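This report concerns only the one structure given below.
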Amino acid sequence: MQYERATERRLEEALGETGGQHKERLIRSLQESLGEFERAASLNPVLLEEADCGGYIRQRVELTVVPGLSFGAYVLVPKGSSGKLPGVIALHGHGYGSRQICGLNEDGTADSGPPDGYHHFAVQLAGKGMIVIAPDVIGFGERRMQ
């Protein structure tokens, strides 16, 4: 609580605005930076594959966010879940893409070796009861250019 008050006070002193004003300014700035784009009316998910991984179900889906641009993503769903669950978008680092954080090798086979620096963190999040969406960032995994 004291940390939050100190942070608020520093913002007011440094920027002349409250934390709420600062947040609103940052959101406006981000929206201006992104610009306008046409969103798809629906994500139109297509189930490409599904695997039972013990404590969770791993699905590979294709999504369309912007007309004419589709991409694949893994969706990890905790087994035995029902109703609304917390969700997270898990973004991989500079490895070989979303497979690396979803417990897979680069070729799509199960990674049973010692954990790398990413420790299959998407799998760990699913194990904690979260629905995880793990897309490939442009330039990695299936979205890497030849």
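In the structure tokens, the first chain shown is A, the next is B, and so on; residue numbers restart at 1 for each chain, and ligands run from 1 in the order shown.
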As a PDB file with all heavy atoms, in the first residue's frame, which residues of range 3-41 of chain A does DSSP assign to helix (DSSP H, G or I)?
ATOM      1  N   TYR A   3       3.904   1.441  -1.062  1.00  0.00           N
ATOM      2  CA  TYR A   3       4.597   1.495  -2.343  1.00  0.00           C
ATOM      3  C   TYR A   3       3.725   2.177  -3.391  1.00  0.00           C
ATOM      4  O   TYR A   3       4.201   3.029  -4.150  1.00  0.00           O
ATOM      5  CB  TYR A   3       4.972   0.085  -2.798  1.00  0.00           C
ATOM      6  CG  TYR A   3       5.604   0.052  -4.166  1.00  0.00           C
ATOM      7  CD1 TYR A   3       6.949   0.380  -4.331  1.00  0.00           C
ATOM      8  CD2 TYR A   3       4.865  -0.285  -5.299  1.00  0.00           C
ATOM      9  CE1 TYR A   3       7.533   0.370  -5.572  1.00  0.00           C
ATOM     10  CE2 TYR A   3       5.441  -0.295  -6.549  1.00  0.00           C
ATOM     11  CZ  TYR A   3       6.777   0.030  -6.685  1.00  0.00           C
ATOM     12  OH  TYR A   3       7.355   0.027  -7.929  1.00  0.00           O
ATOM     13  N   GLU A   4       2.440   1.800  -3.432  1.00  0.00           N
ATOM     14  CA  GLU A   4       1.524   2.397  -4.402  1.00  0.00           C
ATOM     15  C   GLU A   4       1.385   3.898  -4.168  1.00  0.00           C
ATOM     16  O   GLU A   4       1.351   4.683  -5.109  1.00  0.00           O
ATOM     17  CB  GLU A   4       0.140   1.727  -4.335  1.00  0.00           C
ATOM     18  CG  GLU A   4       0.109   0.334  -4.922  1.00  0.00           C
ATOM     19  CD  GLU A   4       0.548  -0.741  -3.935  1.00  0.00           C
ATOM     20  OE1 GLU A   4       0.723  -0.449  -2.731  1.00  0.00           O
ATOM     21  OE2 GLU A   4       0.742  -1.885  -4.378  1.00  0.00           O
ATOM     22  N   ARG A   5       1.293   4.299  -2.902  1.00  0.00           N
ATOM     23  CA  ARG A   5       1.184   5.740  -2.598  1.00  0.00           C
ATOM     24  C   ARG A   5       2.443   6.479  -3.028  1.00  0.00           C
ATOM     25  O   ARG A   5       2.365   7.576  -3.587  1.00  0.00           O
ATOM     26  CB  ARG A   5       0.945   5.935  -1.104  1.00  0.00           C
ATOM     27  CG  ARG A   5      -0.462   5.632  -0.693  1.00  0.00           C
ATOM     28  CD  ARG A   5      -0.712   6.078   0.741  1.00  0.00           C
ATOM     29  NE  ARG A   5      -1.647   5.155   1.333  1.00  0.00           N
ATOM     30  CZ  ARG A   5      -1.598   4.670   2.553  1.00  0.00           C
ATOM     31  NH1 ARG A   5      -0.650   5.036   3.368  1.00  0.00           N
ATOM     32  NH2 ARG A   5      -2.495   3.829   2.992  1.00  0.00           N
ATOM     33  N   ALA A   6       3.609   5.888  -2.771  1.00  0.00           N
ATOM     34  CA  ALA A   6       4.873   6.525  -3.153  1.00  0.00           C
ATOM     35  C   ALA A   6       4.970   6.646  -4.673  1.00  0.00           C
ATOM     36  O   ALA A   6       5.418   7.669  -5.200  1.00  0.00           O
ATOM     37  CB  ALA A   6       6.055   5.733  -2.603  1.00  0.00           C
ATOM     38  N   THR A   7       4.548   5.607  -5.378  1.00  0.00           N
ATOM     39  CA  THR A   7       4.566   5.642  -6.840  1.00  0.00           C
ATOM     40  C   THR A   7       3.652   6.739  -7.357  1.00  0.00           C
ATOM     41  O   THR A   7       4.009   7.506  -8.259  1.00  0.00           O
ATOM     42  CB  THR A   7       4.128   4.274  -7.401  1.00  0.00           C
ATOM     43  OG1 THR A   7       5.025   3.278  -6.920  1.00  0.00           O
ATOM     44  CG2 THR A   7       4.139   4.264  -8.911  1.00  0.00           C
ATOM     45  N   GLU A   8       2.454   6.815  -6.792  1.00  0.00           N
ATOM     46  CA  GLU A   8       1.488   7.855  -7.174  1.00  0.00           C
ATOM     47  C   GLU A   8       2.077   9.248  -6.935  1.00  0.00           C
ATOM     48  O   GLU A   8       1.991  10.131  -7.783  1.00  0.00           O
ATOM     49  CB  GLU A   8       0.192   7.666  -6.374  1.00  0.00           C
ATOM     50  CG  GLU A   8      -0.875   8.677  -6.684  1.00  0.00           C
ATOM     51  CD  GLU A   8      -1.709   8.335  -7.898  1.00  0.00           C
ATOM     52  OE1 GLU A   8      -1.674   7.175  -8.350  1.00  0.00           O
ATOM     53  OE2 GLU A   8      -2.388   9.234  -8.405  1.00  0.00           O
ATOM     54  N   ARG A   9       2.692   9.430  -5.792  1.00  0.00           N
ATOM     55  CA  ARG A   9       3.278  10.722  -5.430  1.00  0.00           C
ATOM     56  C   ARG A   9       4.402  11.098  -6.406  1.00  0.00           C
ATOM     57  O   ARG A   9       4.504  12.236  -6.854  1.00  0.00           O
ATOM     58  CB  ARG A   9       3.796  10.668  -3.987  1.00  0.00           C
ATOM     59  CG  ARG A   9       3.841  12.011  -3.302  1.00  0.00           C
ATOM     60  CD  ARG A   9       4.128  11.949  -1.798  1.00  0.00           C
ATOM     61  NE  ARG A   9       5.168  11.010  -1.416  1.00  0.00           N
ATOM     62  CZ  ARG A   9       4.946   9.846  -0.769  1.00  0.00           C
ATOM     63  NH1 ARG A   9       3.732   9.493  -0.447  1.00  0.00           N
ATOM     64  NH2 ARG A   9       5.941   9.054  -0.464  1.00  0.00           N
ATOM     65  N   ARG A  10       5.265  10.109  -6.767  1.00  0.00           N
ATOM     66  CA  ARG A  10       6.357  10.385  -7.714  1.00  0.00           C
ATOM     67  C   ARG A  10       5.806  10.807  -9.070  1.00  0.00           C
ATOM     68  O   ARG A  10       6.323  11.712  -9.714  1.00  0.00           O
ATOM     69  CB  ARG A  10       7.245   9.155  -7.857  1.00  0.00           C
ATOM     70  CG  ARG A  10       8.285   9.013  -6.769  1.00  0.00           C
ATOM     71  CD  ARG A  10       9.383   8.027  -7.141  1.00  0.00           C
ATOM     72  NE  ARG A  10       8.893   6.716  -7.525  1.00  0.00           N
ATOM     73  CZ  ARG A  10       8.556   5.749  -6.670  1.00  0.00           C
ATOM     74  NH1 ARG A  10       8.651   5.952  -5.387  1.00  0.00           N
ATOM     75  NH2 ARG A  10       8.123   4.595  -7.118  1.00  0.00           N
ATOM     76  N   LEU A  11       4.755  10.137  -9.526  1.00  0.00           N
ATOM     77  CA  LEU A  11       4.154  10.505 -10.810  1.00  0.00           C
ATOM     78  C   LEU A  11       3.618  11.932 -10.771  1.00  0.00           C
ATOM     79  O   LEU A  11       3.814  12.702 -11.708  1.00  0.00           O
ATOM     80  CB  LEU A  11       3.024   9.543 -11.166  1.00  0.00           C
ATOM     81  CG  LEU A  11       3.430   8.195 -11.731  1.00  0.00           C
ATOM     82  CD1 LEU A  11       2.221   7.279 -11.844  1.00  0.00           C
ATOM     83  CD2 LEU A  11       4.108   8.357 -13.068  1.00  0.00           C
ATOM     84  N   GLU A  12       2.919  12.247  -9.702  1.00  0.00           N
ATOM     85  CA  GLU A  12       2.355  13.591  -9.592  1.00  0.00           C
ATOM     86  C   GLU A  12       3.456  14.642  -9.584  1.00  0.00           C
ATOM     87  O   GLU A  12       3.336  15.674 -10.245  1.00  0.00           O
ATOM     88  CB  GLU A  12       1.511  13.697  -8.317  1.00  0.00           C
ATOM     89  CG  GLU A  12       0.193  12.966  -8.419  1.00  0.00           C
ATOM     90  CD  GLU A  12      -0.628  13.094  -7.145  1.00  0.00           C
ATOM     91  OE1 GLU A  12      -0.553  14.135  -6.479  1.00  0.00           O
ATOM     92  OE2 GLU A  12      -1.341  12.125  -6.831  1.00  0.00           O
ATOM     93  N   GLU A  13       4.541  14.362  -8.858  1.00  0.00           N
ATOM     94  CA  GLU A  13       5.637  15.324  -8.778  1.00  0.00           C
ATOM     95  C   GLU A  13       6.385  15.444 -10.099  1.00  0.00           C
ATOM     96  O   GLU A  13       6.717  16.531 -10.549  1.00  0.00           O
ATOM     97  CB  GLU A  13       6.608  14.915  -7.667  1.00  0.00           C
ATOM     98  CG  GLU A  13       6.020  15.047  -6.277  1.00  0.00           C
ATOM     99  CD  GLU A  13       6.898  14.406  -5.204  1.00  0.00           C
ATOM    100  OE1 GLU A  13       7.996  13.898  -5.536  1.00  0.00           O
ATOM    101  OE2 GLU A  13       6.485  14.427  -4.033  1.00  0.00           O
ATOM    102  N   ALA A  14       6.657  14.320 -10.743  1.00  0.00           N
ATOM    103  CA  ALA A  14       7.457  14.328 -11.967  1.00  0.00           C
ATOM    104  C   ALA A  14       6.671  14.789 -13.184  1.00  0.00           C
ATOM    105  O   ALA A  14       7.191  15.492 -14.042  1.00  0.00           O
ATOM    106  CB  ALA A  14       8.028  12.928 -12.223  1.00  0.00           C
ATOM    107  N   LEU A  15       5.407  14.384 -13.281  1.00  0.00           N
ATOM    108  CA  LEU A  15       4.649  14.636 -14.497  1.00  0.00           C
ATOM    109  C   LEU A  15       3.490  15.603 -14.317  1.00  0.00           C
ATOM    110  O   LEU A  15       2.854  15.986 -15.284  1.00  0.00           O
ATOM    111  CB  LEU A  15       4.110  13.310 -15.050  1.00  0.00           C
ATOM    112  CG  LEU A  15       5.156  12.234 -15.345  1.00  0.00           C
ATOM    113  CD1 LEU A  15       4.481  10.920 -15.674  1.00  0.00           C
ATOM    114  CD2 LEU A  15       6.066  12.674 -16.469  1.00  0.00           C
ATOM    115  N   GLY A  19      -1.776   9.011 -11.163  1.00  0.00           N
ATOM    116  CA  GLY A  19      -1.561   7.714 -11.795  1.00  0.00           C
ATOM    117  C   GLY A  19      -2.628   7.401 -12.819  1.00  0.00           C
ATOM    118  O   GLY A  19      -2.348   6.874 -13.894  1.00  0.00           O
ATOM    119  N   GLY A  20      -3.886   7.731 -12.499  1.00  0.00           N
ATOM    120  CA  GLY A  20      -4.984   7.495 -13.431  1.00  0.00           C
ATOM    121  C   GLY A  20      -4.831   8.311 -14.702  1.00  0.00           C
ATOM    122  O   GLY A  20      -5.068   7.820 -15.805  1.00  0.00           O
ATOM    123  N   GLN A  21      -4.425   9.568 -14.553  1.00  0.00           N
ATOM    124  CA  GLN A  21      -4.217  10.421 -15.728  1.00  0.00           C
ATOM    125  C   GLN A  21      -3.051   9.894 -16.574  1.00  0.00           C
ATOM    126  O   GLN A  21      -3.109   9.894 -17.798  1.00  0.00           O
ATOM    127  CB  GLN A  21      -3.939  11.857 -15.284  1.00  0.00           C
ATOM    128  CG  GLN A  21      -5.143  12.549 -14.675  1.00  0.00           C
ATOM    129  CD  GLN A  21      -4.756  13.859 -13.999  1.00  0.00           C
ATOM    130  OE1 GLN A  21      -3.650  14.007 -13.466  1.00  0.00           O
ATOM    131  NE2 GLN A  21      -5.687  14.814 -14.027  1.00  0.00           N
ATOM    132  N   HIS A  22      -2.008   9.456 -15.881  1.00  0.00           N
ATOM    133  CA  HIS A  22      -0.832   8.909 -16.571  1.00  0.00           C
ATOM    134  C   HIS A  22      -1.230   7.671 -17.381  1.00  0.00           C
ATOM    135  O   HIS A  22      -0.865   7.538 -18.559  1.00  0.00           O
ATOM    136  CB  HIS A  22       0.237   8.552 -15.533  1.00  0.00           C
ATOM    137  CG  HIS A  22       1.488   7.979 -16.108  1.00  0.00           C
ATOM    138  ND1 HIS A  22       2.396   8.717 -16.824  1.00  0.00           N
ATOM    139  CD2 HIS A  22       1.979   6.721 -16.068  1.00  0.00           C
ATOM    140  CE1 HIS A  22       3.393   7.941 -17.203  1.00  0.00           C
ATOM    141  NE2 HIS A  22       3.156   6.721 -16.755  1.00  0.00           N
ATOM    142  N   LYS A  23      -2.016   6.786 -16.768  1.00  0.00           N
ATOM    143  CA  LYS A  23      -2.468   5.568 -17.445  1.00  0.00           C
ATOM    144  C   LYS A  23      -3.291   5.916 -18.678  1.00  0.00           C
ATOM    145  O   LYS A  23      -3.085   5.353 -19.756  1.00  0.00           O
ATOM    146  CB  LYS A  23      -3.275   4.718 -16.478  1.00  0.00           C
ATOM    147  CG  LYS A  23      -3.790   3.428 -17.078  1.00  0.00           C
ATOM    148  CD  LYS A  23      -4.570   2.627 -16.043  1.00  0.00           C
ATOM    149  CE  LYS A  23      -5.169   1.391 -16.636  1.00  0.00           C
ATOM    150  NZ  LYS A  23      -5.942   0.619 -15.651  1.00  0.00           N
ATOM    151  N   GLU A  24      -4.222   6.859 -18.538  1.00  0.00           N
ATOM    152  CA  GLU A  24      -5.062   7.260 -19.672  1.00  0.00           C
ATOM    153  C   GLU A  24      -4.226   7.849 -20.793  1.00  0.00           C
ATOM    154  O   GLU A  24      -4.469   7.571 -21.971  1.00  0.00           O
ATOM    155  CB  GLU A  24      -6.125   8.268 -19.214  1.00  0.00           C
ATOM    156  CG  GLU A  24      -7.211   7.668 -18.348  1.00  0.00           C
ATOM    157  CD  GLU A  24      -7.998   6.598 -19.082  1.00  0.00           C
ATOM    158  OE1 GLU A  24      -8.334   6.796 -20.276  1.00  0.00           O
ATOM    159  OE2 GLU A  24      -8.246   5.542 -18.463  1.00  0.00           O
ATOM    160  N   ARG A  25      -3.210   8.652 -20.441  1.00  0.00           N
ATOM    161  CA  ARG A  25      -2.336   9.238 -21.459  1.00  0.00           C
ATOM    162  C   ARG A  25      -1.563   8.151 -22.203  1.00  0.00           C
ATOM    163  O   ARG A  25      -1.438   8.191 -23.431  1.00  0.00           O
ATOM    164  CB  ARG A  25      -1.367  10.242 -20.821  1.00  0.00           C
ATOM    165  CG  ARG A  25      -0.504  10.971 -21.838  1.00  0.00           C
ATOM    166  CD  ARG A  25       0.348  12.063 -21.198  1.00  0.00           C
ATOM    167  NE  ARG A  25       1.171  11.597 -20.101  1.00  0.00           N
ATOM    168  CZ  ARG A  25       2.338  10.940 -20.267  1.00  0.00           C
ATOM    169  NH1 ARG A  25       2.784  10.678 -21.479  1.00  0.00           N
ATOM    170  NH2 ARG A  25       3.031  10.557 -19.224  1.00  0.00           N
ATOM    171  N   LEU A  26      -1.083   7.158 -21.475  1.00  0.00           N
ATOM    172  CA  LEU A  26      -0.347   6.068 -22.117  1.00  0.00           C
ATOM    173  C   LEU A  26      -1.241   5.254 -23.041  1.00  0.00           C
ATOM    174  O   LEU A  26      -0.833   4.874 -24.138  1.00  0.00           O
ATOM    175  CB  LEU A  26       0.284   5.163 -21.055  1.00  0.00           C
ATOM    176  CG  LEU A  26       1.462   5.748 -20.290  1.00  0.00           C
ATOM    177  CD1 LEU A  26       1.928   4.778 -19.217  1.00  0.00           C
ATOM    178  CD2 LEU A  26       2.602   6.113 -21.217  1.00  0.00           C
ATOM    179  N   ILE A  27      -2.476   4.999 -22.618  1.00  0.00           N
ATOM    180  CA  ILE A  27      -3.414   4.251 -23.457  1.00  0.00           C
ATOM    181  C   ILE A  27      -3.714   5.023 -24.738  1.00  0.00           C
ATOM    182  O   ILE A  27      -3.712   4.461 -25.834  1.00  0.00           O
ATOM    183  CB  ILE A  27      -4.703   3.923 -22.677  1.00  0.00           C
ATOM    184  CG1 ILE A  27      -4.403   2.873 -21.604  1.00  0.00           C
ATOM    185  CG2 ILE A  27      -5.814   3.448 -23.611  1.00  0.00           C
ATOM    186  CD1 ILE A  27      -5.546   2.623 -20.637  1.00  0.00           C
ATOM    187  N   ARG A  28      -3.962   6.332 -24.619  1.00  0.00           N
ATOM    188  CA  ARG A  28      -4.217   7.155 -25.811  1.00  0.00           C
ATOM    189  C   ARG A  28      -3.011   7.127 -26.749  1.00  0.00           C
ATOM    190  O   ARG A  28      -3.156   7.008 -27.970  1.00  0.00           O
ATOM    191  CB  ARG A  28      -4.547   8.596 -25.408  1.00  0.00           C
ATOM    192  CG  ARG A  28      -5.977   8.826 -24.988  1.00  0.00           C
ATOM    193  CD  ARG A  28      -6.330  10.311 -24.913  1.00  0.00           C
ATOM    194  NE  ARG A  28      -5.356  11.129 -24.216  1.00  0.00           N
ATOM    195  CZ  ARG A  28      -5.314  11.303 -22.882  1.00  0.00           C
ATOM    196  NH1 ARG A  28      -6.196  10.716 -22.113  1.00  0.00           N
ATOM    197  NH2 ARG A  28      -4.401  12.077 -22.337  1.00  0.00           N
ATOM    198  N   SER A  29      -1.820   7.236 -26.183  1.00  0.00           N
ATOM    199  CA  SER A  29      -0.600   7.228 -26.976  1.00  0.00           C
ATOM    200  C   SER A  29      -0.429   5.900 -27.718  1.00  0.00           C
ATOM    201  O   SER A  29      -0.069   5.871 -28.900  1.00  0.00           O
ATOM    202  CB  SER A  29       0.612   7.485 -26.074  1.00  0.00           C
ATOM    203  OG  SER A  29       1.802   7.404 -26.801  1.00  0.00           O
ATOM    204  N   LEU A  30      -0.726   4.792 -27.043  1.00  0.00           N
ATOM    205  CA  LEU A  30      -0.633   3.487 -27.680  1.00  0.00           C
ATOM    206  C   LEU A  30      -1.645   3.371 -28.814  1.00  0.00           C
ATOM    207  O   LEU A  30      -1.315   2.907 -29.912  1.00  0.00           O
ATOM    208  CB  LEU A  30      -0.862   2.371 -26.654  1.00  0.00           C
ATOM    209  CG  LEU A  30      -0.873   0.948 -27.201  1.00  0.00           C
ATOM    210  CD1 LEU A  30       0.461   0.592 -27.832  1.00  0.00           C
ATOM    211  CD2 LEU A  30      -1.234  -0.037 -26.104  1.00  0.00           C
ATOM    212  N   GLN A  31      -2.872   3.806 -28.581  1.00  0.00           N
ATOM    213  CA  GLN A  31      -3.905   3.745 -29.624  1.00  0.00           C
ATOM    214  C   GLN A  31      -3.511   4.585 -30.834  1.00  0.00           C
ATOM    215  O   GLN A  31      -3.703   4.167 -31.978  1.00  0.00           O
ATOM    216  CB  GLN A  31      -5.252   4.205 -29.061  1.00  0.00           C
ATOM    217  CG  GLN A  31      -5.859   3.208 -28.095  1.00  0.00           C
ATOM    218  CD  GLN A  31      -7.073   3.753 -27.363  1.00  0.00           C
ATOM    219  OE1 GLN A  31      -7.248   4.954 -27.212  1.00  0.00           O
ATOM    220  NE2 GLN A  31      -7.913   2.847 -26.892  1.00  0.00           N
ATOM    221  N   GLU A  32      -2.935   5.770 -30.601  1.00  0.00           N
ATOM    222  CA  GLU A  32      -2.492   6.615 -31.702  1.00  0.00           C
ATOM    223  C   GLU A  32      -1.354   5.955 -32.469  1.00  0.00           C
ATOM    224  O   GLU A  32      -1.293   6.021 -33.699  1.00  0.00           O
ATOM    225  CB  GLU A  32      -2.046   7.978 -31.176  1.00  0.00           C
ATOM    226  CG  GLU A  32      -3.189   8.837 -30.681  1.00  0.00           C
ATOM    227  CD  GLU A  32      -2.710  10.088 -29.949  1.00  0.00           C
ATOM    228  OE1 GLU A  32      -1.487  10.379 -29.969  1.00  0.00           O
ATOM    229  OE2 GLU A  32      -3.562  10.766 -29.346  1.00  0.00           O
ATOM    230  N   SER A  33      -0.446   5.278 -31.757  1.00  0.00           N
ATOM    231  CA  SER A  33       0.687   4.605 -32.403  1.00  0.00           C
ATOM    232  C   SER A  33       0.234   3.445 -33.277  1.00  0.00           C
ATOM    233  O   SER A  33       0.779   3.213 -34.348  1.00  0.00           O
ATOM    234  CB  SER A  33       1.663   4.072 -31.350  1.00  0.00           C
ATOM    235  OG  SER A  33       2.213   5.124 -30.603  1.00  0.00           O
ATOM    236  N   LEU A  34      -0.768   2.702 -32.814  1.00  0.00           N
ATOM    237  CA  LEU A  34      -1.255   1.546 -33.560  1.00  0.00           C
ATOM    238  C   LEU A  34      -2.049   1.945 -34.791  1.00  0.00           C
ATOM    239  O   LEU A  34      -2.050   1.239 -35.792  1.00  0.00           O
ATOM    240  CB  LEU A  34      -2.121   0.650 -32.659  1.00  0.00           C
ATOM    241  CG  LEU A  34      -1.395  -0.062 -31.533  1.00  0.00           C
ATOM    242  CD1 LEU A  34      -2.396  -0.787 -30.647  1.00  0.00           C
ATOM    243  CD2 LEU A  34      -0.365  -1.032 -32.089  1.00  0.00           C
TER     244      LEU A  34
END
Could you give me, as a ChimeraX atom specification, the residues within 7 Å of Ala126 in chain A, counting only C-alpha atoms and dropping anything in the same chain fewer than 2 positions from it?
/A:56,76-78,122-124,128-132
Please produce a file of those selected residues containing C-alpha atoms, as a PDB file, in the first residue's frame.
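Resulting contents of result_14.pdb:
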ATOM      1  CA  TYR A  56      -4.504 -30.309 -20.175  1.00  0.00           C
ATOM      2  CA  LEU A  76      -3.924 -25.088 -23.773  1.00  0.00           C
ATOM      3  CA  VAL A  77      -7.072 -25.881 -21.794  1.00  0.00           C
ATOM      4  CA  PRO A  78      -6.824 -27.352 -18.277  1.00  0.00           C
ATOM      5  CA  ALA A 122       2.698 -22.121 -21.214  1.00  0.00           C
ATOM      6  CA  VAL A 123       2.244 -25.676 -19.918  1.00  0.00           C
ATOM      7  CA  GLN A 124       2.947 -24.483 -16.375  1.00  0.00           C
ATOM      8  CA  LYS A 128      -2.284 -23.547 -12.687  1.00  0.00           C
ATOM      9  CA  GLY A 129      -5.795 -23.532 -14.170  1.00  0.00           C
ATOM     10  CA  MET A 130      -5.443 -20.903 -16.904  1.00  0.00           C
ATOM     11  CA  ILE A 131      -6.455 -21.129 -20.533  1.00  0.00           C
ATOM     12  CA  VAL A 132      -3.328 -20.270 -22.506  1.00  0.00           C
TER      13      VAL A 132
END
Using only C-alpha atoms, pick whichever of A:Ile89, A:Leu104, A:Val46, A:Met1 has the shortest atom-to-atom distance to Phe71 in chain A.
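Going through A:Ile89, A:Leu104, A:Val46, A:Met1 one by one, the smallest distance to Phe71 in chain A is for A:Val46.
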Per DSSP on the backbone, filter range 4-114 of chain A down to the residues in strand (DSSP E) and report them as a ChimeraX atom specification.
/A:46-52,56-66,69-78,87-89
Residue selection dump (C-alpha atoms) as a CSV table (one decimal), in the first residue's frame:
chain,number,residue,atom,x,y,z
A,46,VAL,CA,-10.6,-23.5,-37.1
A,47,LEU,CA,-9.5,-26.5,-35.0
A,48,LEU,CA,-6.4,-28.0,-36.8
A,49,GLU,CA,-5.4,-30.6,-34.2
A,50,GLU,CA,-6.0,-31.7,-30.7
A,51,ALA,CA,-3.9,-33.7,-28.2
A,52,ASP,CA,-4.6,-35.0,-24.7
A,56,TYR,CA,-4.5,-30.3,-20.2
A,57,ILE,CA,-5.7,-30.5,-23.8
A,58,ARG,CA,-3.5,-28.9,-26.4
A,59,GLN,CA,-5.3,-27.6,-29.4
A,60,ARG,CA,-3.8,-26.1,-32.5
A,61,VAL,CA,-6.2,-23.5,-34.0
A,62,GLU,CA,-6.1,-21.1,-36.9
A,63,LEU,CA,-7.4,-17.6,-36.2
A,64,THR,CA,-8.2,-14.6,-38.4
A,65,VAL,CA,-8.0,-11.3,-36.7
A,66,VAL,CA,-7.6,-9.0,-39.7
A,69,LEU,CA,-4.4,-12.6,-42.4
A,70,SER,CA,-4.8,-16.0,-40.6
A,71,PHE,CA,-2.3,-17.5,-38.2
A,72,GLY,CA,-2.0,-20.6,-36.0
A,73,ALA,CA,-1.8,-20.6,-32.3
A,74,TYR,CA,-1.8,-23.3,-29.6
A,75,VAL,CA,-4.5,-23.2,-27.0
A,76,LEU,CA,-3.9,-25.1,-23.8
A,77,VAL,CA,-7.1,-25.9,-21.8
A,78,PRO,CA,-6.8,-27.4,-18.3
A,87,GLY,CA,-6.8,-16.6,-19.6
A,88,VAL,CA,-3.4,-15.5,-20.7
A,89,ILE,CA,-1.6,-14.9,-24.0
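Picture a line from CA of Arg39 in chain A to CA of Pro67 in chain A; it runs 6.8 Å.
Of note, CA of Val137 in chain A and CA of Cys102 in chain A are spaced 14.1 Å apart.
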CA of Gln100 in chain A and CA of Leu43 in chain A are how many Å apart?
24.4 Å
